[in-house]
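Structure file target-v5.tsv; described as TSV, C-alpha atoms.
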```
chain	number	residue	atom	x	y	z
A	15	MET	CA	95.40	75.26	157.03
A	16	PRO	CA	91.78	76.44	157.51
A	17	ASP	CA	89.22	74.51	155.49
A	18	ARG	CA	87.21	77.64	154.75
A	19	ILE	CA	88.08	81.26	154.03
A	20	MET	CA	86.05	84.47	153.93
A	21	LEU	CA	85.75	86.34	150.64
A	22	GLN	CA	84.79	90.01	150.85
A	23	VAL	CA	83.50	90.70	147.37
A	24	ALA	CA	82.76	94.16	145.94
A	25	ARG	CA	79.18	94.46	144.75
A	26	TYR	CA	77.68	97.12	142.52
A	27	ARG	CA	74.26	96.58	140.97
A	28	PRO	CA	73.54	99.70	138.92
A	29	GLU	CA	69.76	99.19	139.05
A	30	GLN	CA	69.72	99.38	142.84
A	31	ASP	CA	73.07	100.57	144.25
A	32	ALA	CA	74.42	104.11	144.41
A	33	GLY	CA	77.95	102.89	145.05
A	34	VAL	CA	80.16	99.91	145.77
A	35	SER	CA	79.51	97.80	148.86
A	36	PHE	CA	81.06	94.56	150.10
A	37	GLN	CA	79.36	91.23	150.60
A	38	GLU	CA	80.93	88.36	152.54
A	39	TYR	CA	80.91	84.74	151.42
A	40	GLU	CA	82.61	81.89	153.26
A	41	VAL	CA	84.02	79.43	150.73
A	42	PRO	CA	86.07	76.22	150.94
A	43	CYS	CA	89.84	76.70	150.88
A	44	PRO	CA	91.59	73.57	149.57
A	45	LYS	CA	95.24	74.20	148.80
A	46	ASP	CA	94.71	74.01	145.02
A	47	TRP	CA	91.85	76.54	144.89
A	48	VAL	CA	92.49	79.92	143.34
A	49	VAL	CA	90.44	83.06	143.99
A	50	LEU	CA	88.49	82.38	140.79
A	51	ASP	CA	87.48	78.95	142.16
A	52	GLY	CA	86.12	80.74	145.22
A	53	LEU	CA	84.11	83.13	143.04
A	54	ASN	CA	82.79	80.26	140.93
A	55	TYR	CA	81.73	78.48	144.13
A	56	VAL	CA	79.83	81.61	145.18
A	57	LYS	CA	78.20	81.94	141.76
A	58	ASP	CA	77.22	78.25	141.54
A	59	ARG	CA	76.13	77.56	145.12
A	60	MET	CA	75.60	80.72	147.11
A	61	ASP	CA	74.68	83.76	145.02
A	62	GLY	CA	73.99	83.52	141.30
A	63	THR	CA	73.69	87.30	140.99
A	64	LEU	CA	77.45	87.88	141.33
A	65	SER	CA	78.98	89.13	138.05
A	66	TYR	CA	82.61	88.76	136.99
A	67	ARG	CA	84.62	87.86	133.89
A	68	TRP	CA	86.57	84.70	133.34
A	69	SER	CA	87.24	82.23	130.60
A	70	CYS	CA	90.27	79.97	130.30
A	71	ARG	CA	91.19	79.48	133.99
A	72	MET	CA	94.85	79.04	133.00
A	73	GLY	CA	96.44	82.49	132.65
A	74	ILE	CA	96.00	82.79	128.90
A	75	CYS	CA	92.79	84.70	128.18
A	76	GLY	CA	93.49	87.66	130.48
A	77	SER	CA	89.82	87.99	131.47
A	78	CYS	CA	89.87	87.41	135.21
A	79	GLY	CA	92.04	90.31	136.37
A	80	MET	CA	90.75	91.78	139.64
A	81	THR	CA	92.08	93.55	142.70
A	82	VAL	CA	92.86	91.01	145.40
A	83	ASN	CA	93.68	92.48	148.80
A	84	GLY	CA	94.67	95.72	147.07
A	85	GLU	CA	96.92	94.15	144.40
A	86	PRO	CA	96.02	93.69	140.72
A	87	LYS	CA	96.01	89.92	140.15
A	88	LEU	CA	94.86	87.28	137.71
A	89	THR	CA	92.37	85.49	139.96
A	90	CYS	CA	93.03	82.19	138.14
A	91	ALA	CA	96.66	82.33	139.29
A	92	THR	CA	96.16	83.62	142.83
A	93	PHE	CA	95.78	80.90	145.45
A	94	LEU	CA	93.30	81.34	148.28
A	95	ALA	CA	95.62	79.46	150.65
A	96	ASP	CA	98.23	82.21	150.27
A	97	TYR	CA	95.79	84.59	151.99
A	98	ALA	CA	94.88	82.23	154.87
A	99	PRO	CA	93.37	82.76	157.37
A	100	GLY	CA	91.72	85.56	155.37
A	101	PRO	CA	89.66	87.51	154.72
A	102	VAL	CA	90.31	87.95	150.98
A	103	ARG	CA	89.01	91.21	149.58
A	104	VAL	CA	88.11	90.97	145.89
A	105	GLU	CA	87.42	94.20	143.99
A	106	PRO	CA	87.22	95.17	140.33
A	107	LEU	CA	90.40	96.34	138.59
A	108	ARG	CA	91.23	99.88	139.60
A	109	ASN	CA	91.34	102.82	137.21
A	110	PHE	CA	88.46	101.48	135.07
A	111	PRO	CA	84.76	102.36	135.31
A	112	ILE	CA	82.75	99.60	136.97
A	113	ILE	CA	79.82	98.22	134.98
A	114	ARG	CA	78.62	95.70	137.54
A	115	ASP	CA	80.14	93.96	140.60
A	116	LEU	CA	83.62	92.88	139.42
A	117	VAL	CA	83.11	93.71	135.74
A	118	VAL	CA	84.89	96.79	134.40
A	119	GLU	CA	84.49	98.72	131.16
A	120	ILE	CA	87.43	97.94	128.86
A	121	GLY	CA	86.46	99.84	125.70
A	122	ASP	CA	89.06	102.51	126.41
A	123	PHE	CA	91.88	99.97	126.45
A	124	MET	CA	90.59	98.26	123.31
A	125	ARG	CA	90.49	101.55	121.39
A	126	LYS	CA	94.00	102.48	122.53
A	127	LEU	CA	95.34	99.06	121.66
A	128	VAL	CA	94.12	99.37	118.07
A	129	SER	CA	95.46	102.93	117.79
A	130	VAL	CA	99.09	101.71	118.04
A	131	LYS	CA	98.61	99.22	115.19
A	132	PRO	CA	99.71	96.04	116.98
A	133	TRP	CA	100.17	94.04	113.82
A	134	ILE	CA	102.87	93.78	111.15
A	135	VAL	CA	102.75	96.85	108.92
A	136	ARG	CA	104.44	96.61	105.52
A	137	ALA	CA	105.07	99.52	103.19
A	138	LYS	CA	104.45	97.09	100.36
A	139	GLU	CA	103.48	93.44	100.73
A	140	LYS	CA	105.63	91.13	98.68
A	141	PRO	CA	103.77	88.63	96.47
A	142	LEU	CA	103.13	85.15	97.84
A	143	SER	CA	105.32	83.71	95.12
A	144	GLU	CA	108.35	85.27	96.83
A	145	GLY	CA	107.71	83.21	99.95
A	146	GLU	CA	107.45	84.07	103.61
A	147	TYR	CA	109.26	86.82	105.51
A	148	LEU	CA	112.21	85.08	107.13
A	149	GLN	CA	113.41	85.68	110.63
A	150	THR	CA	116.31	84.32	112.68
A	151	PRO	CA	115.85	83.01	116.24
A	152	GLN	CA	118.02	85.91	117.46
A	153	ALA	CA	115.75	88.45	115.73
A	154	MET	CA	112.70	86.80	117.30
A	155	GLU	CA	114.29	86.87	120.74
A	156	GLU	CA	114.31	90.68	120.57
A	157	TYR	CA	110.53	90.94	120.81
A	158	THR	CA	109.35	87.59	122.23
A	159	GLN	CA	109.10	88.98	125.75
A	160	PHE	CA	106.70	91.72	124.63
A	161	SER	CA	104.57	89.29	122.63
A	162	MET	CA	103.63	87.46	125.84
A	163	CYS	CA	101.07	90.16	126.74
A	164	ILE	CA	97.60	88.69	127.29
A	165	ASN	CA	95.81	92.07	127.51
A	166	CYS	CA	94.75	91.42	131.11
A	167	MET	CA	95.08	95.13	131.95
A	168	LEU	CA	96.66	94.54	135.36
A	169	CYS	CA	99.33	97.05	134.29
A	170	TYR	CA	96.66	99.72	133.72
A	171	ALA	CA	95.19	99.00	137.15
A	172	ALA	CA	98.63	99.39	138.74
A	173	CYS	CA	99.58	102.55	136.83
A	174	PRO	CA	98.89	105.73	138.84
A	175	ILE	CA	99.48	107.82	135.72
A	176	TYR	CA	96.58	106.10	133.94
A	177	GLY	CA	94.48	106.52	137.09
A	178	LEU	CA	95.19	110.24	137.17
A	179	ASP	CA	95.01	110.82	133.41
A	180	PRO	CA	92.78	108.35	131.53
A	181	HIS	CA	94.01	109.81	128.23
A	182	PHE	CA	97.42	108.15	128.76
A	183	ILE	CA	97.77	105.37	126.19
A	184	GLY	CA	99.12	103.11	128.90
A	185	PRO	CA	101.63	100.32	129.46
A	186	ALA	CA	100.27	97.32	127.54
A	187	ALA	CA	99.47	99.24	124.34
A	188	ILE	CA	102.98	100.74	124.27
A	189	ALA	CA	104.61	97.38	125.04
A	190	LEU	CA	102.68	95.81	122.16
A	191	ALA	CA	103.69	98.65	119.85
A	192	GLN	CA	107.27	97.96	120.82
A	193	ARG	CA	106.75	94.25	120.16
A	194	TYR	CA	106.04	95.06	116.50
A	195	ASN	CA	108.72	97.75	116.25
A	196	LEU	CA	111.32	95.19	117.28
A	197	ASP	CA	110.04	92.68	114.74
A	198	GLY	CA	112.37	92.65	111.74
A	199	ARG	CA	109.42	91.98	109.38
A	200	ASP	CA	107.62	95.17	110.43
A	201	GLU	CA	107.94	98.60	108.78
A	202	GLY	CA	105.39	100.52	110.84
A	203	SER	CA	107.52	102.04	113.59
A	204	ARG	CA	107.26	105.56	112.17
A	205	GLU	CA	103.45	105.37	112.00
A	206	ARG	CA	103.33	104.17	115.59
A	207	MET	CA	105.73	106.86	116.73
A	208	GLU	CA	103.33	109.51	115.44
A	209	ILE	CA	100.73	108.23	117.92
A	210	LEU	CA	103.10	107.45	120.76
A	211	SER	CA	105.20	110.60	120.64
A	212	GLN	CA	102.18	112.66	121.68
A	213	ASP	CA	101.84	113.89	125.28
A	214	GLU	CA	99.46	111.03	126.12
A	215	GLY	CA	101.92	108.52	124.65
A	216	ILE	CA	105.34	107.56	125.91
A	217	TRP	CA	106.05	110.97	127.46
A	218	GLY	CA	103.08	110.58	129.79
A	219	CYS	CA	104.93	107.77	131.56
A	220	THR	CA	107.03	108.86	134.53
A	221	PHE	CA	108.53	105.41	135.14
A	222	VAL	CA	106.77	104.38	138.31
A	223	GLY	CA	107.56	100.83	137.18
A	224	GLU	CA	104.60	99.16	138.88
A	225	CYS	CA	103.23	97.90	135.55
A	226	THR	CA	106.21	95.60	135.19
A	227	LYS	CA	105.95	94.34	138.76
A	228	VAL	CA	102.31	93.28	138.45
A	229	CYS	CA	102.55	91.73	134.97
A	230	PRO	CA	101.72	88.02	135.25
A	231	LYS	CA	103.63	87.31	132.04
A	232	ASN	CA	106.87	89.19	132.84
A	233	VAL	CA	106.40	91.51	129.88
A	234	ASP	CA	108.15	94.62	131.33
A	235	PRO	CA	106.01	97.40	129.80
A	236	ALA	CA	107.99	100.00	131.79
A	237	GLY	CA	111.16	98.87	130.03
A	238	ALA	CA	109.42	99.04	126.65
A	239	ILE	CA	108.31	102.62	127.29
A	240	GLN	CA	111.76	103.78	128.42
A	241	ARG	CA	113.38	102.17	125.37
A	242	TYR	CA	110.81	103.92	123.22
A	243	LYS	CA	111.69	107.26	124.84
A	244	LEU	CA	115.37	106.65	124.20
A	245	ASN	CA	114.66	105.86	120.53
A	246	ALA	CA	112.45	108.94	120.18
A	247	ALA	CA	115.12	111.16	121.73
A	248	LEU	CA	117.83	109.70	119.48
A	249	ASP	CA	115.60	110.17	116.41
A	250	SER	CA	115.03	113.84	117.35
A	251	LEU	CA	118.75	114.35	117.88
A	252	LYS	CA	119.56	112.75	114.53
A	253	ALA	CA	116.93	114.88	112.79
A	254	PHE	CA	118.44	117.99	114.41
A	255	LEU	CA	122.05	117.15	113.59
A	256	VAL	CA	121.45	115.67	110.15
A	257	PRO	CA	118.19	117.23	108.92
A	258	TRP	CA	118.79	116.10	105.34
A	259	GLY	CA	119.23	112.51	106.54
A	260	ALA	CA	115.87	112.31	108.36
A	261	ARG	CA	113.40	110.01	106.75
B	25	MET	CA	86.28	104.92	127.63
B	26	SER	CA	83.89	107.42	126.22
B	27	ASP	CA	83.84	110.66	128.17
B	28	HIS	CA	80.07	111.00	127.90
B	29	PRO	CA	78.50	107.55	127.90
B	30	VAL	CA	74.76	107.44	127.41
B	31	HIS	CA	73.02	105.60	130.25
B	32	THR	CA	69.87	103.74	129.39
B	33	ALA	CA	68.12	100.70	130.78
B	34	TYR	CA	70.38	98.62	128.55
B	35	HIS	CA	73.48	100.64	129.29
B	36	PRO	CA	73.39	101.17	133.02
B	37	ARG	CA	75.26	103.76	134.99
B	38	TRP	CA	78.95	103.05	135.42
B	39	ILE	CA	80.83	103.91	138.54
B	40	ARG	CA	84.15	105.67	138.23
B	41	ARG	CA	86.11	105.67	141.47
B	42	ARG	CA	88.40	108.64	141.96
B	43	MET	CA	91.99	108.07	142.99
B	44	SER	CA	92.78	109.16	146.50
B	45	THR	CA	94.92	112.28	146.83
B	46	TYR	CA	97.20	110.12	148.96
B	47	TRP	CA	97.56	107.31	146.39
B	48	TRP	CA	101.33	107.58	146.67
B	49	LEU	CA	101.18	106.39	150.29
B	50	GLN	CA	99.39	103.17	149.34
B	51	ARG	CA	102.49	101.16	148.52
B	52	TRP	CA	106.25	101.50	148.86
B	53	SER	CA	106.92	101.54	145.10
B	54	TYR	CA	104.60	104.55	144.68
B	55	LEU	CA	106.28	106.36	147.58
B	56	ALA	CA	109.75	105.53	146.20
B	57	PHE	CA	108.66	107.01	142.86
B	58	ILE	CA	107.43	110.23	144.48
B	59	LEU	CA	110.63	110.52	146.54
B	60	ARG	CA	112.68	110.01	143.36
B	61	GLU	CA	110.73	112.77	141.61
B	62	LEU	CA	111.16	115.00	144.69
B	63	SER	CA	114.90	114.32	144.71
B	64	SER	CA	115.20	116.33	141.47
B	65	ILE	CA	114.74	119.49	143.55
B	66	PHE	CA	117.79	118.56	145.61
B	67	VAL	CA	119.79	117.73	142.48
B	68	ALA	CA	118.94	121.24	141.22
B	69	TRP	CA	119.94	122.68	144.60
B	70	PHE	CA	123.40	121.08	144.39
B	71	VAL	CA	123.86	122.64	140.95
B	72	VAL	CA	122.95	126.06	142.40
B	73	TYR	CA	125.26	125.41	145.39
B	74	LEU	CA	128.13	124.55	143.05
B	75	LEU	CA	127.54	127.77	141.07
B	76	LEU	CA	127.51	129.75	144.32
B	77	LEU	CA	130.80	128.09	145.28
B	78	VAL	CA	132.37	128.97	141.92
B	79	GLY	CA	131.11	132.56	142.32
B	80	ALA	CA	132.60	132.76	145.83
B	81	VAL	CA	135.97	131.41	144.66
B	82	ASN	CA	135.91	133.99	141.89
B	83	GLN	CA	135.48	136.75	144.49
B	84	GLY	CA	138.79	135.90	146.12
B	85	ASP	CA	139.88	134.78	149.55
B	86	ALA	CA	137.38	136.85	151.57
B	87	GLY	CA	134.45	135.78	149.43
B	88	TYR	CA	135.45	132.13	149.70
B	89	ARG	CA	135.80	132.32	153.50
B	90	GLU	CA	132.40	133.98	153.76
B	91	PHE	CA	130.90	131.17	151.66
B	92	LEU	CA	132.50	128.54	153.90
B	93	GLN	CA	131.11	130.29	156.98
B	94	TRP	CA	127.64	130.39	155.43
B	95	SER	CA	127.93	126.72	154.46
B	96	ALA	CA	128.81	125.81	158.06
B	97	SER	CA	125.64	127.40	159.43
B	98	PRO	CA	123.31	124.75	160.89
B	99	LEU	CA	120.48	125.45	158.45
B	100	VAL	CA	122.64	125.07	155.32
B	101	LEU	CA	124.47	122.11	156.81
B	102	VAL	CA	121.25	120.23	157.60
B	103	PHE	CA	119.81	121.06	154.17
B	104	ASN	CA	122.98	119.87	152.42
B	105	VAL	CA	123.09	116.60	154.39
B	106	MET	CA	119.43	116.03	153.48
B	107	SER	CA	120.21	116.89	149.84
B	108	LEU	CA	123.07	114.40	149.82
B	109	GLY	CA	120.71	111.68	151.09
B	110	PHE	CA	118.20	112.46	148.33
B	111	ILE	CA	120.91	112.56	145.66
B	112	VAL	CA	122.27	109.16	146.71
B	113	PHE	CA	118.69	107.83	146.60
B	114	HIS	CA	118.20	109.46	143.17
B	115	ALA	CA	121.41	107.94	141.80
B	116	ILE	CA	120.86	104.43	143.18
B	117	THR	CA	117.24	104.19	142.05
B	118	TRP	CA	118.08	105.45	138.55
B	119	PHE	CA	121.11	103.20	138.19
B	120	ASN	CA	118.98	100.23	139.18
B	121	LEU	CA	116.38	101.20	136.57
B	122	ALA	CA	118.96	101.74	133.80
B	123	PRO	CA	118.89	98.13	132.51
B	124	GLN	CA	115.18	98.49	131.74
B	125	ALA	CA	115.77	101.52	129.52
B	126	MET	CA	119.08	100.49	127.95
B	127	VAL	CA	119.43	97.38	125.86
B	128	VAL	CA	123.08	97.01	124.93
B	129	HIS	CA	124.39	94.50	122.42
B	130	LEU	CA	127.97	93.31	122.09
B	131	GLY	CA	128.02	91.83	118.62
B	132	THR	CA	124.94	89.64	118.47
B	133	ARG	CA	124.80	89.00	122.20
B	134	ARG	CA	122.72	91.07	124.58
B	135	VAL	CA	124.63	92.43	127.57
B	136	PRO	CA	122.96	91.25	130.83
B	137	GLY	CA	121.07	93.99	132.70
B	138	VAL	CA	123.22	93.62	135.80
B	139	TRP	CA	126.27	94.65	133.76
B	140	VAL	CA	124.47	97.78	132.53
B	141	ALA	CA	123.66	98.76	136.13
B	142	ALA	CA	127.15	97.83	137.31
B	143	SER	CA	128.78	100.02	134.65
B	144	ASN	CA	126.87	103.01	136.06
B	145	TYR	CA	128.10	102.24	139.58
B	146	VAL	CA	131.67	101.81	138.34
B	147	ALA	CA	131.48	105.17	136.53
B	148	TRP	CA	130.10	106.73	139.74
B	149	VAL	CA	132.97	105.32	141.86
B	150	LEU	CA	135.59	106.42	139.29
B	151	ALA	CA	134.14	109.96	139.07
B	152	SER	CA	134.00	110.19	142.89
B	153	ALA	CA	137.60	108.93	143.13
B	154	LEU	CA	138.71	111.53	140.60
B	155	VAL	CA	136.99	114.35	142.51
B	156	GLY	CA	138.46	113.02	145.78
B	157	TRP	CA	141.94	112.90	144.24
B	158	VAL	CA	141.63	116.50	143.00
B	159	LEU	CA	140.46	117.68	146.45
B	160	LEU	CA	143.21	115.87	148.33
B	161	MET	CA	146.00	116.93	145.96
```
Hey, can you dump this file as structure tokens for me?
Amino acid sequence: MPDRIMLQVARYRPEQDAGVSFQEYEVPCPKDWVVLDGLNYVKDRMDGTLSYRWSCRMGICGSCGMTVNGEPKLTCATFLADYAPGPVRVEPLRNFPIIRDLVVEIGDFMRKLVSVKPWIVRAKEKPLSEGEYLQTPQAMEEYTQFSMCINCMLCYAACPIYGLDPHFIGPAAIALAQRYNLDGRDEGSRERMEILSQDEGIWGCTFVGECTKVCPKNVDPAGAIQRYKLNAALDSLKAFLVPWGAR
Amino acid sequence: MSDHPVHTAYHPRWIRRRMSTYWWLQRWSYLAFILRELSSIFVAWFVVYLLLLVGAVNQGDAGYREFLQWSASPLVLVFNVMSLGFIVFHAITWFNLAPQAMVVHLGTRRVPGVWVAASNYVAWVLASALVGWVLLM
């Protein structure tokens, strides 16, 4: 195994650059170093001007998503040694505007996430004196997979639909909406459907399926969206066949 | 993202990279998706072909023979073989994706995804066997 590896890092300094360029840094490559370790080495010892996001270093915070050799990856979970002998090309996440170097603008995702109300919605809260909302392990199993999302946005970077149409609500927001729809304590599915049944919602998805493949937490947003479509279609059919029964 | 961000010294210019027109050539899964979308044209063609066949049968023996002759022409033959390839691709890729869209429960237990896909293949084989049986009768 080589003891050093070349990083080709995308640079964009808005005060001086007209576009993105690449800068090379040769960093150590011990077998337990991830791409983020390489970037931290650059920042600490070689070039303090490099900008990127990171926080937990353990696949929980979802901050360090970048494009590594063309693939959306969490850089804290992507080992440099897997790319030996290199080079390793590190770019910002695709489909997002670049603010600086490897930092992208995520306001769009944050606004969309809130729009689908990813929290438990109750028509009427019961008083505390009546105790907690109970749930069986089987009921929890229905949505646990979707609750694993860490908002890393790799799915948005992998989604060509979002790249072509930034108005598309996108995989993670829909998967999180589905997480709450499948929660037996929630009563907000109809409110969410009003947002998600629009053109930019579930029907924007054409089932490329790449969001599921790149998800570091095995969330399967593509599955969530298709299930949502099936539910929406069944609801429409029910409303058509039994109009007086529609809620 | 805001469509019209204001750029100031404290809110510098963002860069938005455009997707390449050839984005679908960048990885196999994108190309498979485009081919699957394209295959819908060939599915539609087989529907039209079936209607033409029914129309020819309705016209009697001469009409049916004329249809068979037309179908045996190299151009139609090549197009139909290509259509068959696309339809098989269409069916297999959709059947493999079915478990993602369909969550089936038997009682309180969730049916494994592989069973959902397998049931589609079994239905396909049974339907093909039925058509084959009718043709060979």
### Message
Could you check which residues have any atom within 12 Å of (131.7, 129.3, 152.6), counting only C-alpha atoms with coordinates taken straight from the file, and then list them as a list in words?
### Response
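Nearby residues: Tyr73, Leu74, Leu76, Leu77, Val78, Gly79, Ala80, Val81, Gln83, Gly84, Asp85, Ala86, Gly87, Tyr88, Arg89, Glu90, Phe91, Leu92, Gln93, Trp94, Ser95, Ala96, Ser97, Val100 and Leu101 of chain B.
For Arg27 in chain A, the list of residues within 10 Å, based on only C-alpha atoms and with local chain neighbours fewer than 6 positions off taken out, reads Gly33, Val34, Ser35, Thr63, Leu64, Ser65, Ile112, Ile113, Arg114 and Asp115 of chain A; Pro36, Arg37 and Trp38 of chain B.
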### For chain B, the nearest of the candidates A:Lys252, A:Arg125, A:Arg59, A:Arg103, counting only C-alpha atoms
A:Arg125
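With only C-alpha atoms as the basis for measurement, B:Val127 is the residue among B:Leu62, B:Val149, B:Val127, B:Trp69 that approaches chain A most closely.
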### Task
Have a look at CA of Trp217 in chain A and CA of Pro106 in chain A and let me know their distance in Å, one decimal.
27.7 Å
Enumerate, in order of chain and increasing residue number, the residues of chain B with an atom no farther than 9 Å from chain A, each with its shortest atom pair and distance in Å to one decimal, counting all atoms listed in the file, as a tab-separated table.
```
residue	atom	partner	partner_atom	distance
B:Met25	CA	A:Asp122	CA	3.9
B:Ser26	CA	A:Asp122	CA	7.1
B:Ala33	CA	A:Glu29	CA	8.6
B:His35	CA	A:Ile113	CA	8.9
B:Pro36	CA	A:Pro28	CA	6.1
B:Arg37	CA	A:Pro28	CA	5.9
B:Trp38	CA	A:Ile113	CA	4.9
B:Ile39	CA	A:Ile112	CA	5.0
B:Arg40	CA	A:Pro111	CA	4.5
B:Arg41	CA	A:Pro111	CA	7.1
B:Arg42	CA	A:Asn109	CA	8.1
B:Met43	CA	A:Gly177	CA	6.6
B:Trp47	CA	A:Pro174	CA	7.8
B:Trp48	CA	A:Pro174	CA	8.4
B:Ser53	CA	A:Glu224	CA	7.1
B:Tyr54	CA	A:Val222	CA	6.7
B:Ala56	CA	A:Val222	CA	8.5
B:Phe57	CA	A:Val222	CA	5.6
B:Ile58	CA	A:Val222	CA	8.5
B:Glu61	CA	A:Thr220	CA	8.9
B:Leu121	CA	A:Gly237	CA	8.7
B:Pro123	CA	A:Gly237	CA	8.2
B:Gln124	CA	A:Gly237	CA	4.4
B:Ala125	CA	A:Gln240	CA	4.7
B:Met126	CA	A:Arg241	CA	6.5
B:Val127	CA	A:Arg241	CA	7.7
B:Thr132	CA	A:Gln152	CA	7.9
B:Arg133	CA	A:Gln152	CA	8.8
```
### Summary
re CA of Gln37 in chain A and CA of Pro16 in chain A: distance 20.5 Å
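Distance check against Cys166 in chain A using all atoms listed in the file: of A:Ser211, A:Ser69, A:Asn195, A:Ser129, the minimum falls on A:Ser69.
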### Task
Go ahead and compute the interatomic distance for CA of Arg134 in chain B and CA of Cys163 in chain A, in Å to one decimal.
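Separation of CA of Arg134 in chain B and CA of Cys163 in chain A: 21.8 Å.
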### Message
Every residue with an atom at most 8 Å from (94.4, 81.0, 144.2) (file coordinates; all atoms listed in the file) is what I'm after, so could you write them as a list in words?
### Response
Asp46, Trp47, Val48, Val49, Leu50, Asp51, Thr89, Cys90, Ala91, Thr92, Phe93, Leu94, Ala95 and Asp96 of chain A
### Query
Pick from A:Tyr170, A:Tyr176, A:Tyr55, A:Tyr147: nearest to Met80 in chain A, with only C-alpha atoms counted?
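Closest to Met80 in chain A of all the choices is A:Tyr170.
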### Query
Of the residues A:Arg206, A:Lys140, A:Arg71, A:Lys231, which is the one nearest to Ser161 in chain A, using only C-alpha atoms?
A:Lys231
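Once Leu190 in chain A and its same-chain neighbours fewer than 5 positions away are set aside, Leu127, Val130, Lys131, Pro132, Trp133, Tyr157, Phe160, Ser161, Met162, Cys163, Asn165, Pro185, Asn195, Leu196, Val233, Pro235 and Ala238 of chain A remain within 10 Å of it when counting only C-alpha atoms.
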Provide an axis-aligned box for all listed atoms of range 103-113 of chain B, padding each side by 4 Å; report its centre and its edge lengths in Å to one decimal, as lines of an AutoDock Vina configuration file.
```
center_x = 120.6
center_y = 114.4
center_z = 150.0
size_x = 12.9
size_y = 21.2
size_z = 16.7
```
### Query
Pick the closest to Arg60 in chain B from B:Val140, B:Met106, B:Val112, B:Leu130: which is it, counting only C-alpha atoms?
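Distance minimum relative to Arg60 in chain B lands on B:Val112.
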